[in-house]
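Okay, input_29.tsv is below, TSV, N, CA and C atoms:
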chain	number	residue	atom	x	y	z
A	1	GLN	N	12.34	-10.62	-13.20
A	1	GLN	CA	12.07	-10.56	-11.78
A	1	GLN	C	11.42	-9.20	-11.46
A	2	VAL	N	10.26	-9.25	-10.84
A	2	VAL	CA	9.55	-8.03	-10.47
A	2	VAL	C	10.09	-7.51	-9.15
A	3	GLN	N	10.37	-6.24	-9.12
A	3	GLN	CA	10.81	-5.59	-7.88
A	3	GLN	C	9.84	-4.48	-7.53
A	4	LEU	N	9.47	-4.43	-6.26
A	4	LEU	CA	8.62	-3.38	-5.74
A	4	LEU	C	9.38	-2.69	-4.61
A	5	VAL	N	9.50	-1.40	-4.69
A	5	VAL	CA	10.26	-0.64	-3.70
A	5	VAL	C	9.35	0.39	-3.07
A	6	GLU	N	9.09	0.23	-1.78
A	6	GLU	CA	8.25	1.18	-1.05
A	6	GLU	C	9.10	2.28	-0.44
A	7	SER	N	8.47	3.42	-0.27
A	7	SER	CA	9.11	4.55	0.40
A	7	SER	C	8.02	5.43	0.98
A	8	GLY	N	8.42	6.35	1.86
A	8	GLY	CA	7.48	7.32	2.39
A	8	GLY	C	7.04	7.08	3.82
A	9	GLY	N	7.45	5.97	4.40
A	9	GLY	CA	7.08	5.72	5.78
A	9	GLY	C	7.83	6.64	6.72
A	10	GLY	N	7.44	6.59	7.99
A	10	GLY	CA	8.11	7.42	8.98
A	10	GLY	C	7.30	7.54	10.24
A	11	LEU	N	7.70	8.50	11.06
A	11	LEU	CA	7.03	8.79	12.32
A	11	LEU	C	6.17	10.03	12.17
A	12	VAL	N	4.91	9.93	12.58
A	12	VAL	CA	4.00	11.06	12.47
A	12	VAL	C	3.09	11.08	13.68
A	13	GLN	N	2.63	12.25	14.06
A	13	GLN	CA	1.70	12.35	15.17
A	13	GLN	C	0.30	11.97	14.73
A	14	ALA	N	-0.49	11.53	15.69
A	14	ALA	CA	-1.88	11.20	15.40
A	14	ALA	C	-2.58	12.41	14.78
A	15	GLY	N	-3.37	12.13	13.76
A	15	GLY	CA	-4.03	13.20	13.03
A	15	GLY	C	-3.25	13.69	11.82
A	16	GLY	N	-2.00	13.27	11.71
A	16	GLY	CA	-1.16	13.70	10.61
A	16	GLY	C	-1.34	12.86	9.36
A	17	SER	N	-0.50	13.12	8.37
A	17	SER	CA	-0.62	12.46	7.07
A	17	SER	C	0.74	11.95	6.59
A	18	LEU	N	0.70	10.92	5.79
A	18	LEU	CA	1.88	10.40	5.10
A	18	LEU	C	1.44	9.92	3.72
A	19	ARG	N	2.36	9.93	2.78
A	19	ARG	CA	2.08	9.34	1.47
A	19	ARG	C	3.14	8.29	1.19
A	20	LEU	N	2.68	7.07	1.02
A	20	LEU	CA	3.57	5.97	0.67
A	20	LEU	C	3.63	5.82	-0.84
A	21	SER	N	4.79	5.44	-1.33
A	21	SER	CA	4.98	5.19	-2.75
A	21	SER	C	5.50	3.77	-2.95
A	22	CYS	N	5.09	3.16	-4.05
A	22	CYS	CA	5.57	1.84	-4.42
A	22	CYS	C	5.98	1.90	-5.89
A	23	ALA	N	7.26	1.85	-6.12
A	23	ALA	CA	7.78	1.90	-7.48
A	23	ALA	C	8.03	0.48	-7.97
A	24	ALA	N	7.43	0.16	-9.11
A	24	ALA	CA	7.56	-1.18	-9.68
A	24	ALA	C	8.59	-1.19	-10.79
A	25	SER	N	9.25	-2.33	-10.94
A	25	SER	CA	10.28	-2.45	-11.98
A	25	SER	C	9.67	-2.66	-13.36
A	26	GLY	N	8.38	-3.01	-13.43
A	26	GLY	CA	7.73	-3.20	-14.72
A	26	GLY	C	6.52	-2.30	-14.85
A	27	ARG	N	5.83	-2.44	-15.97
A	27	ARG	CA	4.63	-1.64	-16.20
A	27	ARG	C	3.53	-2.08	-15.24
A	28	ILE	N	3.03	-1.14	-14.45
A	28	ILE	CA	2.04	-1.54	-13.46
A	28	ILE	C	0.74	-1.99	-14.11
A	29	LEU	N	0.48	-1.55	-15.32
A	29	LEU	CA	-0.74	-1.98	-15.99
A	29	LEU	C	-0.65	-3.44	-16.42
A	30	SER	N	0.56	-4.02	-16.35
A	30	SER	CA	0.71	-5.44	-16.67
A	30	SER	C	0.26	-6.33	-15.52
A	31	PHE	N	0.02	-5.72	-14.36
A	31	PHE	CA	-0.45	-6.46	-13.21
A	31	PHE	C	-1.98	-6.45	-13.17
A	32	ASN	N	-2.55	-7.56	-12.71
A	32	ASN	CA	-4.00	-7.61	-12.57
A	32	ASN	C	-4.47	-6.65	-11.47
A	33	ALA	N	-3.66	-6.54	-10.44
A	33	ALA	CA	-4.01	-5.66	-9.33
A	33	ALA	C	-2.76	-5.31	-8.56
A	34	MET	N	-2.81	-4.16	-7.92
A	34	MET	CA	-1.77	-3.77	-6.98
A	34	MET	C	-2.44	-3.30	-5.72
A	35	GLY	N	-1.72	-3.42	-4.62
A	35	GLY	CA	-2.36	-3.03	-3.37
A	35	GLY	C	-1.36	-2.79	-2.25
A	36	TRP	N	-1.91	-2.35	-1.16
A	36	TRP	CA	-1.16	-2.13	0.07
A	36	TRP	C	-1.72	-3.01	1.17
A	37	TYR	N	-0.81	-3.63	1.89
A	37	TYR	CA	-1.14	-4.43	3.05
A	37	TYR	C	-0.34	-3.88	4.22
A	38	ARG	N	-0.73	-4.26	5.42
A	38	ARG	CA	0.05	-3.83	6.59
A	38	ARG	C	0.09	-4.95	7.61
A	39	GLN	N	1.13	-4.91	8.41
A	39	GLN	CA	1.28	-5.90	9.46
A	39	GLN	C	1.81	-5.22	10.71
A	40	ALA	N	0.99	-5.25	11.74
A	40	ALA	CA	1.38	-4.69	13.04
A	40	ALA	C	2.03	-5.79	13.87
A	41	PRO	N	2.83	-5.41	14.87
A	41	PRO	CA	3.49	-6.42	15.70
A	41	PRO	C	2.49	-7.38	16.34
A	42	GLY	N	2.75	-8.67	16.19
A	42	GLY	CA	1.89	-9.68	16.79
A	42	GLY	C	0.60	-9.94	16.05
A	43	LYS	N	0.42	-9.29	14.91
A	43	LYS	CA	-0.83	-9.46	14.15
A	43	LYS	C	-0.54	-9.99	12.76
A	44	GLN	N	-1.58	-10.53	12.13
A	44	GLN	CA	-1.43	-11.01	10.76
A	44	GLN	C	-1.42	-9.85	9.78
A	45	ARG	N	-0.84	-10.10	8.64
A	45	ARG	CA	-0.85	-9.10	7.57
A	45	ARG	C	-2.29	-8.93	7.08
A	46	GLU	N	-2.70	-7.69	6.87
A	46	GLU	CA	-4.06	-7.42	6.44
A	46	GLU	C	-4.10	-6.47	5.27
A	47	LEU	N	-5.16	-6.63	4.49
A	47	LEU	CA	-5.35	-5.78	3.31
A	47	LEU	C	-5.73	-4.37	3.74
A	48	VAL	N	-5.13	-3.39	3.09
A	48	VAL	CA	-5.48	-1.99	3.32
A	48	VAL	C	-6.27	-1.44	2.14
A	49	ALA	N	-5.73	-1.58	0.94
A	49	ALA	CA	-6.39	-1.04	-0.25
A	49	ALA	C	-5.83	-1.71	-1.49
A	50	THR	N	-6.67	-1.82	-2.51
A	50	THR	CA	-6.22	-2.37	-3.78
A	50	THR	C	-6.73	-1.52	-4.93
A	51	ILE	N	-6.03	-1.59	-6.05
A	51	ILE	CA	-6.46	-0.96	-7.29
A	51	ILE	C	-6.21	-1.96	-8.40
A	52	ILE	N	-7.25	-2.24	-9.17
A	52	ILE	CA	-7.10	-3.21	-10.23
A	52	ILE	C	-6.70	-2.52	-11.53
A	53	SER	N	-6.35	-3.30	-12.52
A	53	SER	CA	-5.83	-2.72	-13.76
A	53	SER	C	-6.84	-1.79	-14.42
A	54	GLY	N	-8.14	-2.08	-14.25
A	54	GLY	CA	-9.15	-1.23	-14.84
A	54	GLY	C	-9.37	0.07	-14.09
A	55	GLY	N	-8.78	0.16	-12.90
A	55	GLY	CA	-8.87	1.41	-12.14
A	55	GLY	C	-9.77	1.36	-10.92
A	56	SER	N	-10.56	0.30	-10.77
A	56	SER	CA	-11.43	0.22	-9.60
A	56	SER	C	-10.59	0.05	-8.35
A	57	VAL	N	-11.09	0.64	-7.26
A	57	VAL	CA	-10.36	0.58	-6.00
A	57	VAL	C	-11.23	-0.06	-4.93
A	58	ASN	N	-10.55	-0.59	-3.92
A	58	ASN	CA	-11.24	-1.23	-2.81
A	58	ASN	C	-10.46	-0.93	-1.54
A	59	TYR	N	-11.20	-0.68	-0.46
A	59	TYR	CA	-10.56	-0.33	0.80
A	59	TYR	C	-11.07	-1.21	1.94
A	60	ALA	N	-10.19	-1.45	2.89
A	60	ALA	CA	-10.64	-2.07	4.12
A	60	ALA	C	-11.52	-1.08	4.87
A	61	ASP	N	-12.48	-1.59	5.61
A	61	ASP	CA	-13.41	-0.71	6.31
A	61	ASP	C	-12.69	0.26	7.25
A	62	PHE	N	-11.59	-0.18	7.84
A	62	PHE	CA	-10.95	0.66	8.85
A	62	PHE	C	-10.19	1.84	8.26
A	63	VAL	N	-10.07	1.93	6.94
A	63	VAL	CA	-9.39	3.08	6.35
A	63	VAL	C	-10.28	3.91	5.42
A	64	LYS	N	-11.50	3.48	5.23
A	64	LYS	CA	-12.39	4.21	4.32
A	64	LYS	C	-12.56	5.65	4.79
A	65	GLY	N	-12.40	6.54	3.83
A	65	GLY	CA	-12.54	7.96	4.11
A	65	GLY	C	-11.26	8.61	4.61
A	66	ARG	N	-10.25	7.80	4.95
A	66	ARG	CA	-8.99	8.36	5.44
A	66	ARG	C	-7.84	8.11	4.47
A	67	PHE	N	-7.82	6.96	3.83
A	67	PHE	CA	-6.73	6.58	2.92
A	67	PHE	C	-7.22	6.59	1.48
A	68	THR	N	-6.31	6.92	0.57
A	68	THR	CA	-6.63	6.89	-0.85
A	68	THR	C	-5.51	6.21	-1.61
A	69	ILE	N	-5.85	5.21	-2.41
A	69	ILE	CA	-4.88	4.55	-3.26
A	69	ILE	C	-4.99	5.14	-4.66
A	70	SER	N	-3.85	5.34	-5.29
A	70	SER	CA	-3.84	5.89	-6.64
A	70	SER	C	-2.61	5.37	-7.37
A	71	ARG	N	-2.51	5.68	-8.64
A	71	ARG	CA	-1.35	5.21	-9.39
A	71	ARG	C	-0.98	6.22	-10.46
A	72	ASP	N	0.28	6.18	-10.84
A	72	ASP	CA	0.80	6.97	-11.95
A	72	ASP	C	1.39	5.97	-12.93
A	73	ASN	N	0.65	5.70	-13.99
A	73	ASN	CA	1.08	4.66	-14.93
A	73	ASN	C	2.40	5.01	-15.60
A	74	ALA	N	2.61	6.28	-15.86
A	74	ALA	CA	3.84	6.70	-16.54
A	74	ALA	C	5.07	6.47	-15.66
A	75	LYS	N	4.86	6.57	-14.34
A	75	LYS	CA	5.98	6.37	-13.41
A	75	LYS	C	6.00	4.96	-12.85
A	76	ASN	N	5.04	4.14	-13.25
A	76	ASN	CA	4.95	2.77	-12.72
A	76	ASN	C	4.97	2.77	-11.20
A	77	THR	N	4.19	3.66	-10.63
A	77	THR	CA	4.19	3.85	-9.18
A	77	THR	C	2.76	3.88	-8.66
A	78	VAL	N	2.57	3.22	-7.53
A	78	VAL	CA	1.29	3.24	-6.83
A	78	VAL	C	1.49	3.98	-5.51
A	79	TYR	N	0.50	4.75	-5.13
A	79	TYR	CA	0.61	5.58	-3.93
A	79	TYR	C	-0.48	5.18	-2.92
A	80	LEU	N	-0.20	5.48	-1.67
A	80	LEU	CA	-1.21	5.38	-0.62
A	80	LEU	C	-1.14	6.66	0.19
A	81	GLN	N	-2.12	7.52	-0.02
A	81	GLN	CA	-2.22	8.75	0.76
A	81	GLN	C	-2.96	8.42	2.04
A	82	MET	N	-2.34	8.69	3.16
A	82	MET	CA	-2.93	8.35	4.47
A	82	MET	C	-3.14	9.63	5.26
A	83	ASN	N	-4.39	9.93	5.56
A	83	ASN	CA	-4.74	11.11	6.33
A	83	ASN	C	-5.39	10.69	7.65
A	84	SER	N	-5.46	11.63	8.56
A	84	SER	CA	-6.09	11.37	9.86
A	84	SER	C	-5.56	10.09	10.49
A	85	LEU	N	-4.26	9.97	10.50
A	85	LEU	CA	-3.64	8.75	11.02
A	85	LEU	C	-3.90	8.59	12.50
A	86	GLU	N	-4.03	7.32	12.87
A	86	GLU	CA	-4.30	6.97	14.26
A	86	GLU	C	-3.19	6.04	14.75
A	87	ALA	N	-3.06	5.96	16.06
A	87	ALA	CA	-2.03	5.09	16.63
A	87	ALA	C	-2.19	3.64	16.14
A	88	GLU	N	-3.44	3.25	15.90
A	88	GLU	CA	-3.72	1.88	15.44
A	88	GLU	C	-3.24	1.62	14.01
A	89	ASP	N	-2.87	2.68	13.31
A	89	ASP	CA	-2.35	2.51	11.95
A	89	ASP	C	-0.86	2.17	11.95
A	90	THR	N	-0.24	2.16	13.11
A	90	THR	CA	1.17	1.81	13.20
A	90	THR	C	1.40	0.39	12.74
A	91	ALA	N	2.27	0.22	11.75
A	91	ALA	CA	2.53	-1.10	11.16
A	91	ALA	C	3.61	-0.96	10.10
A	92	VAL	N	4.07	-2.10	9.62
A	92	VAL	CA	4.88	-2.13	8.41
A	92	VAL	C	3.92	-2.26	7.23
A	93	TYR	N	4.04	-1.37	6.29
A	93	TYR	CA	3.17	-1.35	5.12
A	93	TYR	C	3.91	-1.96	3.93
A	94	TYR	N	3.24	-2.91	3.29
A	94	TYR	CA	3.83	-3.64	2.17
A	94	TYR	C	3.05	-3.37	0.88
A	95	CYS	N	3.79	-3.23	-0.18
A	95	CYS	CA	3.20	-3.13	-1.51
A	95	CYS	C	3.09	-4.53	-2.10
A	96	ASN	N	2.01	-4.78	-2.80
A	96	ASN	CA	1.79	-6.09	-3.43
A	96	ASN	C	1.34	-5.89	-4.87
A	97	ALA	N	1.82	-6.78	-5.73
A	97	ALA	CA	1.39	-6.79	-7.13
A	97	ALA	C	1.04	-8.22	-7.53
A	98	ARG	N	-0.07	-8.38	-8.24
A	98	ARG	CA	-0.50	-9.71	-8.66
A	98	ARG	C	-0.61	-9.77	-10.18
A	99	ARG	N	-0.08	-10.87	-10.72
A	99	ARG	CA	-0.16	-11.10	-12.15
A	99	ARG	C	-0.52	-12.55	-12.34
A	100	VAL	N	-1.75	-12.82	-12.73
A	100	VAL	CA	-2.31	-14.17	-12.90
A	100	VAL	C	-2.15	-14.89	-11.57
A	101	THR	N	-1.29	-15.90	-11.49
A	101	THR	CA	-1.15	-16.67	-10.25
A	101	THR	C	0.05	-16.21	-9.42
A	102	MET	N	0.78	-15.23	-9.89
A	102	MET	CA	1.98	-14.77	-9.20
A	102	MET	C	1.67	-13.57	-8.32
A	103	SER	N	2.30	-13.54	-7.15
A	103	SER	CA	2.14	-12.43	-6.22
A	103	SER	C	3.52	-11.96	-5.80
A	104	TYR	N	3.73	-10.67	-5.87
A	104	TYR	CA	5.03	-10.08	-5.56
A	104	TYR	C	4.87	-9.10	-4.40
A	105	TRP	N	5.93	-9.02	-3.57
A	105	TRP	CA	5.91	-8.16	-2.40
A	105	TRP	C	7.14	-7.27	-2.34
A	106	GLY	N	6.93	-6.08	-1.83
A	106	GLY	CA	8.05	-5.22	-1.53
A	106	GLY	C	8.62	-5.56	-0.17
A	107	GLN	N	9.65	-4.80	0.23
A	107	GLN	CA	10.33	-5.09	1.49
A	107	GLN	C	9.62	-4.47	2.69
A	108	GLY	N	8.70	-3.57	2.44
A	108	GLY	CA	7.94	-2.93	3.51
A	108	GLY	C	8.53	-1.61	3.95
A	109	THR	N	7.66	-0.76	4.45
A	109	THR	CA	8.10	0.52	5.00
A	109	THR	C	7.35	0.75	6.31
A	110	GLN	N	8.08	1.18	7.32
A	110	GLN	CA	7.51	1.32	8.67
A	110	GLN	C	6.75	2.64	8.78
A	111	VAL	N	5.54	2.55	9.30
A	111	VAL	CA	4.74	3.73	9.64
A	111	VAL	C	4.48	3.67	11.14
A	112	THR	N	4.87	4.72	11.84
A	112	THR	CA	4.65	4.79	13.27
A	112	THR	C	3.87	6.06	13.58
A	113	VAL	N	2.73	5.90	14.24
A	113	VAL	CA	1.88	7.02	14.58
A	113	VAL	C	1.90	7.17	16.10
A	114	SER	N	2.34	8.32	16.55
A	114	SER	CA	2.41	8.57	17.99
A	114	SER	C	1.13	9.25	18.45
A	115	SER	N	0.66	8.82	19.60
A	115	SER	CA	-0.61	9.37	20.12
A	115	SER	C	-0.35	10.51	21.09
Rewrite the coordinates I just gave you, this time as structure tokens.
Amino acid sequence: QVQLVESGGGLVQAGGSLRLSCAASGRILSFNAMGWYRQAPGKQRELVATIISGGSVNYADFVKGRFTISRDNAKNTVYLQMNSLEAEDTAVYYCNARRVTMSYWGQGTQVTVSS
């Protein structure tokens, strides 16, 4: 059973920074891709950023230049560095891991940006 545990969320003022972490119970290189999604109240869950096993990364347009996804293979952890946060970034952020046809989710971590 794959477990993903997110941490690092919290309350921050607009313009501030947070770093989210997602610790996986298995080797992250065993996943085809890992990523971060977010869901704001009343909205659908949306993709924020992904990193595939080969290392390529992809970002949603609304976070390009502000957020950075990275990973530490030795720690089996994926990170999301979030800078220049805006009130619109307020959401629950979820870690996701995909392996072939299987998709795994963490429990989510709340990020609240005050304007």
Excluding Glu88 in chain A and its own-chain neighbours fewer than 5 positions away, which residues fall within 8 Å of it when counting all atoms listed in the file? Please give them as a list in words. Ala40, Val113, Ser114 and Ser115 of chain A
Just checking: using all atoms listed in the file, which residue out of A:Leu18, A:Ala97, A:Met34, A:Val48 ends up closest to Phe62 in chain A?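 Checking each of A:Leu18, A:Ala97, A:Met34, A:Val48 against Phe62 in chain A, counting all atoms listed in the file, the winner is A:Val48.
Between Ser21 in chain A and the candidates A:Tyr59, A:Tyr94, A:Arg38, A:Tyr79, the tightest atom-to-atom separation, counting all atoms listed in the file, involves A:Tyr79.
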Select, from A:Ser25, A:Thr112, A:Asn76, A:Thr50, the residue with the minimum atom-to-atom distance to Tyr37 in chain A, counting all atoms listed in the file.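 Of A:Ser25, A:Thr112, A:Asn76, A:Thr50, the one nearest Tyr37 in chain A, counting all atoms listed in the file, is A:Thr50.
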Find the residues around Ile69 in chain A up to 7 Å (only N, CA and C atoms counted), leave out those fewer than 5 positions away in its own chain, and share them as a PyMOL selection string. chain A and resi 49-51+78-81
List the neighbours of Leu85 in chain A out to 9 Å using only C-alpha atoms; skip same-chain residues closer than 6 positions along the sequence, and give me the result as a compact mmCIF listing (two decimals) with N, CA and C atoms, in the coordinates of the input.
# COMPACT_ATOMS: atom_id res chain seq x y z
N VAL A 12 4.91 9.93 12.58
CA VAL A 12 4.00 11.06 12.47
C VAL A 12 3.09 11.08 13.68
N GLN A 13 2.63 12.25 14.06
CA GLN A 13 1.70 12.35 15.17
C GLN A 13 0.30 11.97 14.73
N ALA A 14 -0.49 11.53 15.69
CA ALA A 14 -1.88 11.20 15.40
C ALA A 14 -2.58 12.41 14.78
N GLY A 15 -3.37 12.13 13.76
CA GLY A 15 -4.03 13.20 13.03
C GLY A 15 -3.25 13.69 11.82
N GLY A 16 -2.00 13.27 11.71
CA GLY A 16 -1.16 13.70 10.61
C GLY A 16 -1.34 12.86 9.36
N SER A 17 -0.50 13.12 8.37
CA SER A 17 -0.62 12.46 7.07
C SER A 17 0.74 11.95 6.59
N LEU A 18 0.70 10.92 5.79
CA LEU A 18 1.88 10.40 5.10
C LEU A 18 1.44 9.92 3.72
N ARG A 66 -10.25 7.80 4.95
CA ARG A 66 -8.99 8.36 5.44
C ARG A 66 -7.84 8.11 4.47
N PHE A 67 -7.82 6.96 3.83
CA PHE A 67 -6.73 6.58 2.92
C PHE A 67 -7.22 6.59 1.48
N VAL A 113 2.73 5.90 14.24
CA VAL A 113 1.88 7.02 14.58
C VAL A 113 1.90 7.17 16.10
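Atom N of Ile28 in chain A sits 9.8 Å away from atom N of Ser53 in chain A.
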Students should find that atom C of Asn73 in chain A and CA of Leu29 in chain A are spaced 7.7 Å
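When CA of Ile52 in chain A is paired with atom C of Asn83 in chain A, their separation reads 22.7 Å.
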For Tyr104 in chain A, which of A:Ala91, A:Leu4, A:Ala60, A:Cys22 is the closest residue, counting only N, CA and C atoms? A:Leu4
Where does DSSP see strand (DSSP E) in chain A, if you list the residues as a PyMOL selection string? chain A and resi 4-7+10-13+18-24+33-39+46-52+57-59+67-72+77-82+91-99+102-105+109-114
Spatial sel., origin (3.9, -1.4, 7.8), limit 6 Å, all atoms listed in the file, listed as a PyMOL selection string: chain A and resi 38-39+90-94+109-111
Considering only C-alpha atoms, state which residue in the set A:Gln44, A:Ser70, A:Thr77, A:Ser56 is at the smallest distance from Gly26 in chain A.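 Closest to Gly26 in chain A, using only C-alpha atoms: A:Thr77.
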Rank A:Asn96, A:Gln107, A:Asn58, A:Thr101 by their smallest atom-to-atom distance to Gly35 in chain A, using all atoms listed in the file, and report the top residue only.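 Answer, going by the shortest atom-to-atom distance: A:Asn96.
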Assign secondary structure with DSSP using the backbone only, and return the residues of range 50-95 of chain A in helix (DSSP H, G or I) as a count of residues only. 9
Starting from 4 Å padding per side, set up an axis-aligned box that covers all listed atoms of range 69-87 of chain A and hand over centre and edge lengths in Å, one decimal, as lines of an AutoDock Vina configuration file.
center_x = 0.0
center_y = 7.2
center_z = 0.0
size_x = 20.1
size_y = 16.9
size_z = 41.2
